[in-house]
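Undergrad: Data file my_file_29.cif (mmCIF, C-alpha atoms) is appended below.
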data_run
#
loop_
_atom_site.label_atom_id
_atom_site.label_comp_id
_atom_site.auth_asym_id
_atom_site.auth_seq_id
_atom_site.Cartn_x
_atom_site.Cartn_y
_atom_site.Cartn_z
CA MET A 1 -73.48 -130.10 -48.23
CA LYS A 2 -72.10 -127.81 -45.55
CA PRO A 3 -69.21 -125.57 -46.59
CA GLU A 4 -66.92 -127.00 -43.92
CA ASP A 5 -67.40 -130.53 -45.29
CA ARG A 6 -65.87 -129.56 -48.60
CA VAL A 7 -62.22 -130.44 -48.91
CA GLU A 8 -59.78 -129.58 -51.64
CA GLY A 9 -59.08 -132.37 -54.09
CA ARG A 10 -62.35 -134.21 -53.50
CA HIS A 11 -65.46 -133.22 -55.43
CA PRO A 12 -68.48 -132.87 -53.09
CA MET A 13 -70.59 -135.08 -55.39
CA GLU A 14 -68.15 -137.99 -55.16
CA GLU A 15 -70.05 -139.40 -52.21
CA PHE A 16 -72.98 -140.17 -54.54
CA LEU A 17 -71.04 -141.19 -57.64
CA ARG A 18 -69.24 -144.37 -58.57
CA MET A 19 -65.90 -142.76 -59.20
CA ASP A 20 -64.35 -145.96 -60.55
CA ARG A 21 -66.61 -145.56 -63.60
CA MET A 22 -65.62 -141.97 -64.24
CA PRO A 23 -64.99 -140.34 -66.71
CA HIS A 24 -68.49 -140.92 -68.02
CA ILE A 25 -69.30 -141.60 -71.67
CA TRP A 26 -71.27 -138.40 -72.31
CA CYS A 27 -69.85 -136.10 -74.96
CA SER A 28 -68.27 -132.75 -74.33
CA GLY A 29 -71.13 -130.25 -74.22
CA CYS A 30 -73.82 -132.80 -73.32
CA GLY A 31 -76.21 -131.72 -70.59
CA ILE A 32 -76.97 -135.03 -68.90
CA GLY A 33 -74.17 -134.49 -66.40
CA ILE A 34 -75.82 -131.23 -65.34
CA VAL A 35 -79.09 -133.04 -64.66
CA VAL A 36 -77.25 -135.69 -62.62
CA THR A 37 -75.59 -132.92 -60.58
CA SER A 38 -79.00 -131.33 -60.00
CA PHE A 39 -80.47 -134.69 -58.98
CA ILE A 40 -77.69 -135.38 -56.48
CA GLU A 41 -77.99 -131.89 -55.05
CA ALA A 42 -81.76 -132.28 -54.74
CA LEU A 43 -81.25 -135.63 -53.02
CA GLN A 44 -78.84 -134.06 -50.54
CA LYS A 45 -81.19 -131.17 -49.85
CA SER A 46 -84.31 -133.32 -49.52
CA GLY A 47 -82.79 -135.17 -46.57
CA LEU A 48 -83.96 -138.58 -47.77
CA ASP A 49 -82.00 -141.61 -46.62
CA PRO A 50 -79.85 -142.61 -49.63
CA ASN A 51 -80.36 -146.26 -48.68
CA LYS A 52 -84.08 -145.84 -49.35
CA VAL A 53 -83.70 -144.26 -52.79
CA CYS A 54 -83.46 -146.33 -55.97
CA VAL A 55 -82.68 -145.23 -59.49
CA CYS A 56 -83.88 -147.16 -62.54
CA SER A 57 -82.94 -146.32 -66.05
CA GLY A 58 -83.30 -147.89 -69.44
CA ILE A 59 -81.05 -147.93 -72.46
CA GLY A 60 -79.52 -144.88 -74.05
CA CYS A 61 -77.20 -142.07 -73.09
CA THR A 62 -79.31 -141.15 -70.07
CA GLY A 63 -79.67 -144.83 -69.25
CA ARG A 64 -76.07 -144.77 -68.09
CA VAL A 65 -77.07 -142.68 -65.06
CA ALA A 66 -78.01 -145.81 -63.11
CA GLY A 67 -74.44 -147.01 -63.45
CA TYR A 68 -72.90 -143.75 -62.32
CA VAL A 69 -74.88 -142.88 -59.18
CA LYS A 70 -73.87 -144.64 -55.98
CA LEU A 71 -77.39 -145.61 -54.97
CA ASP A 72 -79.26 -148.86 -55.41
CA SER A 73 -79.78 -148.71 -59.14
CA PHE A 74 -80.87 -150.91 -62.00
CA HIS A 75 -80.12 -150.65 -65.69
CA THR A 76 -83.15 -152.23 -67.35
CA THR A 77 -83.98 -153.21 -70.91
CA HIS A 78 -85.00 -150.60 -73.45
CA GLY A 79 -88.18 -148.77 -72.48
CA ARG A 80 -88.82 -150.76 -69.31
CA PRO A 81 -87.56 -148.61 -66.42
CA VAL A 82 -91.12 -147.58 -65.50
CA PRO A 83 -92.50 -151.14 -65.09
CA PHE A 84 -89.36 -152.09 -63.19
CA ALA A 85 -89.85 -149.10 -60.89
CA THR A 86 -93.51 -150.03 -60.47
CA GLY A 87 -92.53 -153.51 -59.32
CA LEU A 88 -89.87 -152.16 -57.01
CA LYS A 89 -92.24 -149.69 -55.44
CA LEU A 90 -95.01 -152.21 -54.92
CA ALA A 91 -92.70 -154.88 -53.50
CA ASN A 92 -91.07 -152.45 -51.08
CA PRO A 93 -93.28 -149.39 -50.56
CA GLU A 94 -90.71 -147.78 -48.25
CA LEU A 95 -88.42 -147.01 -51.17
CA LYS A 96 -88.42 -143.78 -53.12
CA VAL A 97 -88.03 -144.90 -56.71
CA VAL A 98 -86.66 -142.54 -59.34
CA VAL A 99 -86.77 -143.33 -63.04
CA PHE A 100 -84.00 -141.45 -64.79
CA SER A 101 -84.11 -142.00 -68.49
CA GLY A 102 -84.24 -140.47 -71.91
CA ASP A 103 -87.11 -139.42 -74.14
CA GLY A 104 -86.70 -142.34 -76.52
CA ASP A 105 -86.75 -144.73 -73.60
CA ILE A 106 -89.66 -143.31 -71.61
CA VAL A 107 -92.08 -142.08 -74.25
CA GLY A 108 -90.76 -143.76 -77.40
CA ILE A 109 -90.17 -147.43 -76.69
CA GLY A 110 -91.73 -147.40 -73.23
CA GLY A 111 -94.59 -145.03 -73.96
CA ASN A 112 -97.25 -147.57 -73.07
CA HIS A 113 -95.68 -148.30 -69.70
CA PHE A 114 -95.37 -144.59 -69.03
CA ILE A 115 -99.02 -143.80 -69.67
CA HIS A 116 -100.20 -146.70 -67.54
CA ALA A 117 -97.96 -145.82 -64.61
CA ALA A 118 -99.29 -142.26 -64.82
CA ARG A 119 -102.88 -143.52 -65.09
CA ARG A 120 -102.51 -145.66 -61.96
CA ASN A 121 -100.73 -142.82 -60.18
CA MET A 122 -97.78 -144.94 -59.08
CA ASP A 123 -95.72 -143.20 -56.44
CA ILE A 124 -92.56 -142.77 -58.54
CA VAL A 125 -90.54 -139.84 -59.86
CA VAL A 126 -89.82 -139.86 -63.58
CA ILE A 127 -87.03 -137.60 -64.81
CA CYS A 128 -87.09 -137.57 -68.59
CA VAL A 129 -84.01 -136.10 -70.24
CA ASN A 130 -85.20 -134.92 -73.63
CA ASN A 131 -82.55 -134.42 -76.29
CA PHE A 132 -84.92 -134.78 -79.27
CA ASN A 133 -83.40 -137.95 -80.77
CA TYR A 134 -82.13 -141.47 -80.13
CA ALA A 135 -78.62 -140.31 -79.45
CA MET A 136 -76.74 -143.47 -78.48
CA THR A 137 -77.74 -145.44 -81.57
CA GLY A 138 -76.76 -142.79 -84.08
CA GLY A 139 -79.38 -140.05 -84.11
CA GLN A 140 -82.61 -141.62 -85.29
CA VAL A 141 -85.93 -139.77 -85.22
CA ALA A 142 -87.56 -140.09 -81.80
CA ALA A 143 -91.05 -139.39 -80.54
CA THR A 144 -90.05 -135.88 -79.54
CA THR A 145 -88.11 -134.73 -82.63
CA PRO A 146 -89.51 -131.39 -83.76
CA ILE A 147 -90.86 -131.01 -87.29
CA GLY A 148 -88.15 -129.97 -89.72
CA ALA A 149 -85.15 -131.30 -87.80
CA ASN A 150 -82.65 -133.27 -89.86
CA LEU A 151 -81.60 -136.61 -88.38
CA SER A 152 -80.05 -139.81 -89.69
CA THR A 153 -83.42 -141.45 -90.45
CA ALA A 154 -84.86 -138.16 -91.73
CA PRO A 155 -82.20 -136.80 -94.09
CA TYR A 156 -84.68 -134.37 -95.68
CA GLY A 157 -86.08 -133.24 -92.35
CA ASN A 158 -88.58 -134.76 -89.98
CA PHE A 159 -92.27 -134.53 -90.90
CA GLU A 160 -93.82 -136.45 -87.98
CA TYR A 161 -95.73 -134.61 -85.28
CA PRO A 162 -93.76 -134.74 -82.02
CA PHE A 163 -95.08 -135.57 -78.58
CA ASN A 164 -95.89 -132.79 -76.17
CA LEU A 165 -94.63 -134.53 -73.04
CA PRO A 166 -96.22 -132.38 -70.29
CA TYR A 167 -99.59 -132.64 -72.03
CA LEU A 168 -99.22 -136.41 -72.34
CA ALA A 169 -98.30 -136.73 -68.66
CA GLU A 170 -101.11 -134.48 -67.49
CA ALA A 171 -103.70 -136.17 -69.67
CA CYS A 172 -102.67 -139.56 -68.28
CA GLY A 173 -103.10 -138.39 -64.71
CA ALA A 174 -99.68 -137.35 -63.41
CA THR A 175 -99.82 -135.33 -60.19
CA TYR A 176 -96.69 -133.27 -60.77
CA VAL A 177 -95.59 -132.09 -64.20
CA ALA A 178 -92.72 -129.71 -64.88
CA ARG A 179 -90.47 -128.91 -67.78
CA TRP A 180 -87.07 -127.21 -67.62
CA THR A 181 -84.00 -126.92 -69.77
CA CYS A 182 -80.65 -127.96 -68.37
CA LEU A 183 -79.67 -124.29 -68.14
CA HIS A 184 -82.26 -123.78 -65.36
CA ILE A 185 -80.01 -125.60 -62.91
CA ARG A 186 -81.41 -124.26 -59.65
CA ARG A 187 -84.99 -124.66 -60.80
CA VAL A 188 -84.40 -128.24 -61.92
CA THR A 189 -82.89 -128.93 -58.50
CA LYS A 190 -85.88 -127.40 -56.75
CA SER A 191 -88.30 -129.24 -58.98
CA ILE A 192 -86.64 -132.61 -58.36
CA GLN A 193 -86.63 -131.85 -54.64
CA GLU A 194 -90.36 -131.13 -54.72
CA ALA A 195 -91.02 -134.26 -56.74
CA LEU A 196 -89.00 -136.40 -54.30
CA GLN A 197 -91.06 -135.12 -51.41
CA LYS A 198 -94.36 -135.57 -53.20
CA ARG A 199 -96.55 -138.67 -53.20
CA GLY A 200 -97.83 -139.64 -56.59
CA PHE A 201 -96.59 -139.82 -60.14
CA SER A 202 -94.19 -136.93 -60.72
CA PHE A 203 -92.88 -136.17 -64.17
CA ILE A 204 -90.05 -133.75 -64.91
CA GLU A 205 -88.89 -133.16 -68.46
CA VAL A 206 -85.43 -131.66 -68.80
CA ILE A 207 -84.35 -130.48 -72.23
CA THR A 208 -80.64 -131.03 -72.87
CA PRO A 209 -78.40 -130.38 -75.84
CA CYS A 210 -77.26 -133.30 -77.97
CA VAL A 211 -74.07 -131.96 -79.45
CA THR A 212 -72.71 -134.89 -81.42
CA LEU A 213 -75.87 -135.81 -83.33
CA TYR A 214 -78.79 -133.38 -83.13
CA ALA A 215 -76.72 -130.20 -83.16
CA ARG A 216 -74.15 -131.45 -85.65
CA ARG A 217 -76.67 -132.71 -88.21
CA ASN A 218 -78.68 -129.51 -87.96
CA ARG A 219 -75.58 -127.27 -87.85
CA LEU A 220 -76.58 -125.68 -84.55
CA GLY A 221 -73.07 -125.33 -83.19
CA ASP A 222 -71.77 -126.77 -79.94
CA GLY A 223 -73.26 -127.14 -76.47
CA LEU A 224 -72.68 -123.52 -75.63
CA ASN A 225 -74.70 -122.34 -78.65
CA LEU A 226 -77.59 -124.55 -77.60
CA LEU A 227 -77.45 -123.24 -74.03
CA ARG A 228 -77.58 -119.70 -75.45
CA TYR A 229 -80.60 -120.74 -77.50
CA TYR A 230 -82.29 -122.02 -74.33
CA TYR A 231 -81.46 -118.77 -72.58
CA GLU A 232 -82.93 -116.64 -75.35
CA ASN A 233 -85.96 -118.75 -76.23
CA SER A 234 -87.18 -120.23 -72.97
CA GLU A 235 -89.99 -118.55 -71.13
CA ILE A 236 -91.07 -119.43 -67.60
CA ARG A 237 -94.82 -119.73 -67.40
CA HIS A 238 -95.94 -121.59 -64.29
CA GLY A 239 -99.33 -123.26 -64.48
CA ALA A 240 -99.58 -122.80 -68.25
CA ASP A 241 -102.13 -124.84 -70.18
CA THR A 242 -100.19 -127.94 -71.18
CA ARG A 243 -101.90 -128.04 -74.59
CA THR A 244 -99.89 -124.99 -75.62
CA LEU A 245 -96.46 -126.45 -74.85
CA ASP A 246 -95.43 -127.84 -78.23
CA ILE A 247 -91.81 -127.23 -79.14
CA GLY A 248 -91.12 -126.25 -82.73
CA TYR A 249 -87.74 -126.62 -84.41
CA GLN A 250 -85.52 -123.98 -82.70
CA GLY A 251 -88.73 -122.41 -81.46
CA LYS A 252 -89.87 -121.07 -78.16
CA ILE A 253 -89.63 -123.40 -75.15
CA ILE A 254 -92.19 -122.76 -72.44
CA VAL A 255 -90.87 -124.02 -69.13
CA GLY A 256 -92.24 -124.12 -65.62
CA LYS A 257 -94.25 -126.19 -63.23
CA PHE A 258 -97.57 -126.95 -64.88
CA VAL A 259 -99.38 -129.39 -62.63
CA ASP A 260 -99.11 -129.92 -58.87
CA ILE A 261 -102.16 -131.69 -57.47
CA GLU A 262 -102.82 -134.21 -54.72
CA LYS A 263 -104.43 -137.53 -55.61
CA PRO A 264 -104.53 -140.93 -53.84
CA THR A 265 -101.76 -143.17 -55.16
CA PHE A 266 -102.15 -146.72 -56.47
CA LEU A 267 -101.40 -148.27 -53.07
CA ASP A 268 -103.82 -145.92 -51.27
CA CYS A 269 -106.58 -146.80 -53.73
CA MET A 270 -105.85 -150.51 -53.45
CA ASN A 271 -105.87 -150.48 -49.64
CA ASN A 272 -109.02 -148.39 -49.43
CA HIS A 273 -110.90 -150.48 -51.94
CA LEU A 274 -109.91 -153.86 -50.53
CA ARG A 275 -110.61 -152.75 -46.97
CA LYS A 276 -114.06 -151.71 -48.07
CA VAL A 277 -114.70 -155.00 -49.85
CA LEU A 278 -112.99 -157.46 -47.50
CA GLY A 279 -113.49 -155.69 -44.17
CA ASP A 280 -111.23 -156.26 -41.18
CA LYS A 281 -109.62 -159.44 -42.46
CA TYR A 282 -107.68 -157.40 -45.04
CA GLN A 283 -104.22 -156.38 -43.94
CA PRO A 284 -103.16 -153.17 -45.71
CA TRP A 285 -99.91 -153.34 -47.66
CA GLY A 286 -97.24 -150.69 -47.35
CA VAL A 287 -98.80 -148.78 -44.49
CA LYS A 288 -96.63 -148.07 -41.47
CA SER A 289 -98.43 -149.25 -38.36
CA MET B 1 -68.41 -98.08 -49.78
CA ILE B 2 -71.82 -99.47 -48.85
CA TYR B 3 -72.15 -100.70 -45.31
CA PHE B 4 -74.15 -103.95 -45.02
CA GLY B 5 -73.94 -104.42 -41.26
CA GLU B 6 -72.80 -107.88 -40.32
CA LEU B 7 -73.15 -109.25 -43.85
CA LYS B 8 -69.88 -110.21 -45.41
CA GLU B 9 -69.23 -111.24 -48.95
CA LYS B 10 -68.26 -114.89 -49.15
CA LYS B 11 -65.06 -115.79 -50.90
CA GLY B 12 -64.45 -119.07 -52.63
CA ILE B 13 -61.52 -121.00 -53.98
CA VAL B 14 -62.17 -122.65 -57.35
CA ASN B 15 -60.81 -126.19 -57.55
CA ILE B 16 -60.44 -127.63 -61.04
CA ILE B 17 -59.81 -131.34 -61.55
CA LYS B 18 -58.09 -130.83 -64.88
CA ASP B 19 -57.88 -134.41 -66.08
CA ARG B 20 -61.62 -134.92 -65.73
CA CYS B 21 -62.51 -131.87 -67.84
CA LYS B 22 -63.81 -132.25 -71.40
CA GLY B 23 -63.46 -128.60 -72.34
CA CYS B 24 -67.12 -127.68 -72.91
CA SER B 25 -66.46 -124.15 -71.47
CA PHE B 26 -69.87 -123.92 -69.77
CA CYS B 27 -68.23 -122.77 -66.51
CA VAL B 28 -66.28 -120.05 -68.31
CA GLU B 29 -69.39 -118.76 -70.08
CA TYR B 30 -71.73 -118.81 -67.09
CA CYS B 31 -69.43 -117.64 -64.27
CA PRO B 32 -71.11 -114.39 -63.16
CA ARG B 33 -67.83 -112.88 -61.97
CA ASP B 34 -65.56 -113.89 -64.90
CA VAL B 35 -63.25 -115.87 -62.67
CA LEU B 36 -62.38 -118.46 -65.29
CA GLU B 37 -60.86 -118.57 -68.75
CA MET B 38 -60.10 -121.39 -71.18
CA SER B 39 -56.40 -122.19 -71.06
CA GLU B 40 -54.07 -123.16 -73.87
CA GLU B 41 -52.66 -126.22 -72.13
CA PHE B 42 -53.87 -129.76 -72.75
CA ASN B 43 -55.01 -132.31 -70.21
CA VAL B 44 -54.45 -136.07 -70.53
CA LYS B 45 -57.49 -136.42 -72.79
CA GLY B 46 -56.38 -133.62 -75.11
CA TYR B 47 -58.97 -131.06 -74.06
CA HIS B 48 -58.31 -127.51 -72.89
CA PRO B 49 -59.33 -127.22 -69.23
CA PRO B 50 -60.31 -123.83 -67.74
CA ARG B 51 -57.92 -121.74 -65.71
CA VAL B 52 -58.56 -119.32 -62.83
CA ILE B 53 -57.65 -115.79 -63.86
CA ASN B 54 -59.39 -113.65 -61.21
CA PRO B 55 -59.32 -115.74 -58.01
CA ASP B 56 -60.35 -112.81 -55.82
CA ASN B 57 -63.62 -112.29 -57.71
CA CYS B 58 -65.06 -115.69 -56.77
CA CYS B 59 -68.08 -115.20 -54.55
CA TYR B 60 -68.80 -118.87 -53.71
CA CYS B 61 -72.03 -118.99 -55.76
CA GLN B 62 -71.22 -122.57 -56.88
CA LEU B 63 -72.72 -122.04 -60.32
CA CYS B 64 -69.66 -123.52 -62.04
CA GLU B 65 -70.03 -126.60 -59.88
CA ALA B 66 -73.71 -126.94 -60.75
CA ILE B 67 -73.26 -126.44 -64.48
CA CYS B 68 -70.22 -128.68 -64.94
CA PRO B 69 -71.40 -131.90 -66.63
CA GLU B 70 -68.15 -133.68 -65.81
CA PHE B 71 -67.99 -133.20 -62.01
CA ALA B 72 -64.62 -131.56 -62.63
CA ILE B 73 -64.94 -128.21 -60.87
CA PHE B 74 -65.99 -127.30 -57.34
CA VAL B 75 -65.68 -124.42 -54.93
CA THR B 76 -64.50 -124.42 -51.34
CA LEU B 77 -65.12 -121.60 -48.91
CA ARG B 78 -62.16 -119.37 -48.16
CA GLU B 79 -62.43 -118.80 -44.42
CA GLU B 80 -59.03 -117.54 -43.32
CA GLU B 81 -59.43 -114.51 -45.50
CA GLU B 82 -62.65 -113.56 -43.72
CA ARG B 83 -61.10 -113.72 -40.30
CA GLU B 84 -58.19 -111.59 -41.43
CA ARG B 85 -60.48 -108.99 -42.89
CA GLU B 86 -62.48 -108.84 -39.68
CA LYS B 87 -59.35 -107.85 -37.82
CA GLU B 88 -58.28 -105.31 -40.41
CA ILE B 89 -61.50 -103.37 -40.86
CA SER B 90 -62.69 -101.59 -37.74
CA ARG B 91 -66.41 -101.14 -37.96
CA PRO B 92 -67.98 -97.80 -36.96
#
Would you kindly transcribe this structure into C-alpha cells?

TA:
Amino acid sequence: MKPEDRVEGRHPMEEFLRMDRMPHIWCSGCGIGIVVTSFIEALQKSGLDPNKVCVCSGIGCTGRVAGYVKLDSFHTTHGRPVPFATGLKLANPELKVVVFSGDGDIVGIGGNHFIHAARRNMDIVVICVNNFNYAMTGGQVAATTPIGANLSTAPYGNFEYPFNLPYLAEACGATYVARWTCLHIRRVTKSIQEALQKRGFSFIEVITPCVTLYARRNRLGDGLNLLRYYYENSEIRHGADTRTLDIGYQGKIIVGKFVDIEKPTFLDCMNNHLRKVLGDKYQPWGVKS
Amino acid sequence: MIYFGELKEKKGIVNIIKDRCKGCSFCVEYCPRDVLEMSEEFNVKGYHPPRVINPDNCCYCQLCEAICPEFAIFVTLREEEEREREKEISRP
C-alpha cells in the first residue's frame, strides 16, 4: 500500500479483512494474526486480482482465517481444505487457491489429502501454521508435537515421533517448500509472495506460539518468551537437506527455503497426456487461448 | 552530522486502535527505536494497550504494524514535517 493511501483511524489491512467479525478469537500472544498480516501484505505486493484469489481452511484456530479475510473463502470440514482447494482449482483454473490451515488440520487429520495433492502437484499454495498441538479442542497431541512436550493427552510428556513437515512435503513432490517462524515477518511475506507467483504445489510452514495451551502446560511463559526462543534458536539455512529439519522440544529450529523447483502441474500433465492420446479432438482444459 | 545527499529519514506517526489491542506487547518489544511502552490504563476489554512515548523516534519501518496479531497498530507517514525541514536546513 502506498504511504499516501494510509489514513488515520483506518487500518491499512481493513480492505482485506471482514471488520464486522473483529476482534478475532485468537488469544493474546498468539501468532496466527501475524501470519494473516503477512499473507495480506504478500497479496497486496504480488499484484494479484483479489477477485481471483480464494482461501480455504479447515477446522481449528487457524481455520478461522477463512472467515476473517475478505476474499472468496470457504471454511471446510476438519482436514479437508486441500481436497476442497483441489476441486476449486480444477473447476476454475483461473483462480489462485490458498489453503490456510493448521498443522492438525493439514498433516494430522488431512494428511492423506495433503500427500496426494503434493504428489499430483496441484497448483495450490498451502500455508500450514504449526503450533505443535490441537489448540482449539484443548491441547491434544498432534502429529507435530515434539518428543517430551506435555499436553492434555500426554500428561507425562509426549513419546511419539513428530512429523518433519518440509521433509514430508518434499518427499511427496512439492515444488516449493519453506519453513519460517512467525517472528520472521518479512521473510514469511516474501515467501508467500513467491509461492503465490509460482505454479505448482507450494508449502510454507510457519511456526507460531500457542500461549494458552502449549506454552502454559509446558511452563514456557507467554508469547513474548516464545518469540525470544525463536529469535535465539532459529537458524536460517536455505537449501538445507530436509531430512535434517526435525524440531526437538525447545530445540533448534532450522528455517529457510528448502525446495524451489519447476515441475509440470496436474493440469499440464493431464492436457499433455490426453492430447497425445486423443489427438486434435481433445480440447485442453484451463488453458487460455 | 553525516550528509546523505538527497536521502531523508522518514518520519512516521504511530496510530494505535486501543480497543482492538489484547496487550501482547510484541510491538513494544520489537520496535527498533523504542517508540512504544505498555501503559497502565485499561481498554474496554481490560487489557493494557501500548502508548507512544518517543513519537519523534519513529522511522516509519512498519514493524509494529507487521508484528501486531490484532490489526490494532499502524503507521502513517508524516509528510508536513519533511517539507518544513527542507525549508529550515540549507544544504551546502

Undergrad: Rounded to one decimal place, report the atom CA of A:Thr144-atom CA of A:Val129 distance in Å.

TA: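 Spanning atom CA of A:Thr144 to atom CA of A:Val129 is a straight-line distance of 11.1 Å.
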
Undergrad: With all atoms listed in the file counted and 10 Å as the cut-off, give the residues of chain A in contact with chain B, each with its shortest interatomic distance in Å and the pair that gives it, as a Markdown table.

TA:
| residue | atom | partner | partner_atom | distance |
| --- | --- | --- | --- | --- |
| A:Lys2 | CA | B:Leu77 | CA | 9.9 |
| A:Pro3 | CA | B:Leu77 | CA | 6.2 |
| A:Glu4 | CA | B:Leu77 | CA | 7.6 |
| A:Asp5 | CA | B:Thr76 | CA | 9.1 |
| A:Arg6 | CA | B:Thr76 | CA | 6.0 |
| A:Val7 | CA | B:Thr76 | CA | 6.9 |
| A:Glu8 | CA | B:Asn15 | CA | 6.9 |
| A:Gly9 | CA | B:Asn15 | CA | 7.3 |
| A:Arg10 | CA | B:Phe74 | CA | 8.7 |
| A:His11 | CA | B:Phe74 | CA | 6.2 |
| A:Pro12 | CA | B:Phe74 | CA | 7.4 |
| A:Met13 | CA | B:Phe71 | CA | 7.4 |
| A:Glu14 | CA | B:Phe71 | CA | 8.4 |
| A:Leu17 | CA | B:Phe71 | CA | 9.6 |
| A:Met22 | CA | B:Arg20 | CA | 8.2 |
| A:Pro23 | CA | B:Arg20 | CA | 6.5 |
| A:His24 | CA | B:Glu70 | CA | 7.6 |
| A:Ile25 | CA | B:Glu70 | CA | 9.9 |
| A:Trp26 | CA | B:Glu70 | CA | 8.6 |
| A:Cys27 | CA | B:Lys22 | CA | 8.0 |
| A:Ser28 | CA | B:Lys22 | CA | 5.4 |
| A:Gly29 | CA | B:Cys24 | CA | 4.9 |
| A:Cys30 | CA | B:Pro69 | CA | 7.2 |
| A:Gly31 | CA | B:Pro69 | CA | 6.2 |
| A:Ile32 | CA | B:Pro69 | CA | 6.8 |
| A:Gly33 | CA | B:Pro69 | CA | 3.8 |
| A:Ile34 | CA | B:Pro69 | CA | 4.7 |
| A:Val35 | CA | B:Pro69 | CA | 8.0 |
| A:Val36 | CA | B:Pro69 | CA | 8.0 |
| A:Thr37 | CA | B:Ala66 | CA | 6.3 |
| A:Ser38 | CA | B:Ala66 | CA | 6.9 |
| A:Glu41 | CA | B:Ala66 | CA | 8.7 |
| A:Cys182 | CA | B:Ile67 | CA | 8.5 |
| A:Leu183 | CA | B:Ile67 | CA | 7.7 |
| A:His184 | CA | B:Ile67 | CA | 9.4 |
| A:Ile185 | CA | B:Ala66 | CA | 6.8 |
| A:Arg186 | CA | B:Ala66 | CA | 8.2 |
| A:Thr189 | CA | B:Ala66 | CA | 9.7 |
| A:Asp222 | CA | B:Cys24 | CA | 8.5 |
| A:Gly223 | CA | B:Cys24 | CA | 7.1 |
| A:Leu224 | CA | B:Phe26 | CA | 6.5 |
| A:Leu227 | CA | B:Phe26 | CA | 8.7 |
| A:Arg228 | CA | B:Glu29 | CA | 9.8 |

Undergrad: Any idea what's packed within 6 Å of stretch 47-64 of chain A, counting only C-alpha atoms, ignoring anything in its chain fewer than 3 positions away? Could you give it as a list in words?

TA: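 Counting only the stated atoms, we get Gln44, Gly67, Asp72, Ser73, Phe74, His75, Thr76, Thr77, His78, Gly79, Pro81, Leu95, Lys96, Val97, Val98, Val99, Phe100, Ser101, Gly102 and Met136 of chain A.
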
Undergrad: If you measure from atom CA of B:Ser39 to atom CA of A:Glu232, what distance in Å do you get, rounded to one decimal?

TA: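 We find that atom CA of B:Ser39 and atom CA of A:Glu232 lie 27.4 Å from each other.
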
Undergrad: Rounded to one decimal, what separation in Å do you get between atom CA of B:Cys59 and atom CA of B:Arg33?

TA: 7.8 Å

Undergrad: Write a file for stretch 161-172 of chain A of the given structure; include N, CA, C and O atoms and format it as an mmCIF file, in the first residue's frame.

TA:
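Saved as result_18.cif:
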data_model
loop_
_atom_site.group_PDB
_atom_site.id
_atom_site.type_symbol
_atom_site.label_atom_id
_atom_site.label_comp_id
_atom_site.auth_asym_id
_atom_site.auth_seq_id
_atom_site.Cartn_x
_atom_site.Cartn_y
_atom_site.Cartn_z
ATOM 1 N N TYR A 161 7.010 -40.009 17.788
ATOM 2 C CA TYR A 161 7.885 -39.260 16.886
ATOM 3 C C TYR A 161 7.054 -38.241 16.123
ATOM 4 O O TYR A 161 6.001 -38.588 15.580
ATOM 5 N N PRO A 162 7.490 -36.992 16.048
ATOM 6 C CA PRO A 162 6.714 -35.997 15.290
ATOM 7 C C PRO A 162 7.038 -36.025 13.794
ATOM 8 O O PRO A 162 8.069 -36.583 13.376
ATOM 9 N N PHE A 163 6.152 -35.416 13.022
ATOM 10 C CA PHE A 163 6.389 -35.247 11.596
ATOM 11 C C PHE A 163 7.441 -34.169 11.365
ATOM 12 O O PHE A 163 7.499 -33.187 12.091
ATOM 13 N N ASN A 164 8.213 -34.371 10.316
ATOM 14 C CA ASN A 164 9.103 -33.328 9.840
ATOM 15 C C ASN A 164 8.444 -32.804 8.568
ATOM 16 O O ASN A 164 8.520 -33.430 7.513
ATOM 17 N N LEU A 165 7.725 -31.685 8.686
ATOM 18 C CA LEU A 165 6.829 -31.280 7.599
ATOM 19 C C LEU A 165 7.540 -30.950 6.284
ATOM 20 O O LEU A 165 7.087 -31.385 5.231
ATOM 21 N N PRO A 166 8.666 -30.206 6.290
ATOM 22 C CA PRO A 166 9.312 -29.951 4.995
ATOM 23 C C PRO A 166 9.781 -31.226 4.306
ATOM 24 O O PRO A 166 9.688 -31.350 3.079
ATOM 25 N N TYR A 167 10.239 -32.201 5.090
ATOM 26 C CA TYR A 167 10.687 -33.472 4.513
ATOM 27 C C TYR A 167 9.508 -34.218 3.893
ATOM 28 O O TYR A 167 9.597 -34.743 2.767
ATOM 29 N N LEU A 168 8.385 -34.208 4.625
ATOM 30 C CA LEU A 168 7.173 -34.861 4.117
ATOM 31 C C LEU A 168 6.754 -34.225 2.795
ATOM 32 O O LEU A 168 6.492 -34.917 1.809
ATOM 33 N N ALA A 169 6.739 -32.880 2.773
ATOM 34 C CA ALA A 169 6.282 -32.183 1.566
ATOM 35 C C ALA A 169 7.232 -32.440 0.404
ATOM 36 O O ALA A 169 6.792 -32.683 -0.723
ATOM 37 N N GLU A 170 8.529 -32.413 0.692
ATOM 38 C CA GLU A 170 9.482 -32.614 -0.402
ATOM 39 C C GLU A 170 9.401 -34.045 -0.932
ATOM 40 O O GLU A 170 9.418 -34.280 -2.138
ATOM 41 N N ALA A 171 9.299 -34.991 -0.005
ATOM 42 C CA ALA A 171 9.250 -36.390 -0.422
ATOM 43 C C ALA A 171 8.013 -36.671 -1.261
ATOM 44 O O ALA A 171 8.031 -37.524 -2.139
ATOM 45 N N CYS A 172 6.916 -35.942 -0.989
ATOM 46 C CA CYS A 172 5.691 -36.168 -1.751
ATOM 47 C C CYS A 172 5.692 -35.426 -3.071
ATOM 48 O O CYS A 172 4.771 -35.610 -3.869
#
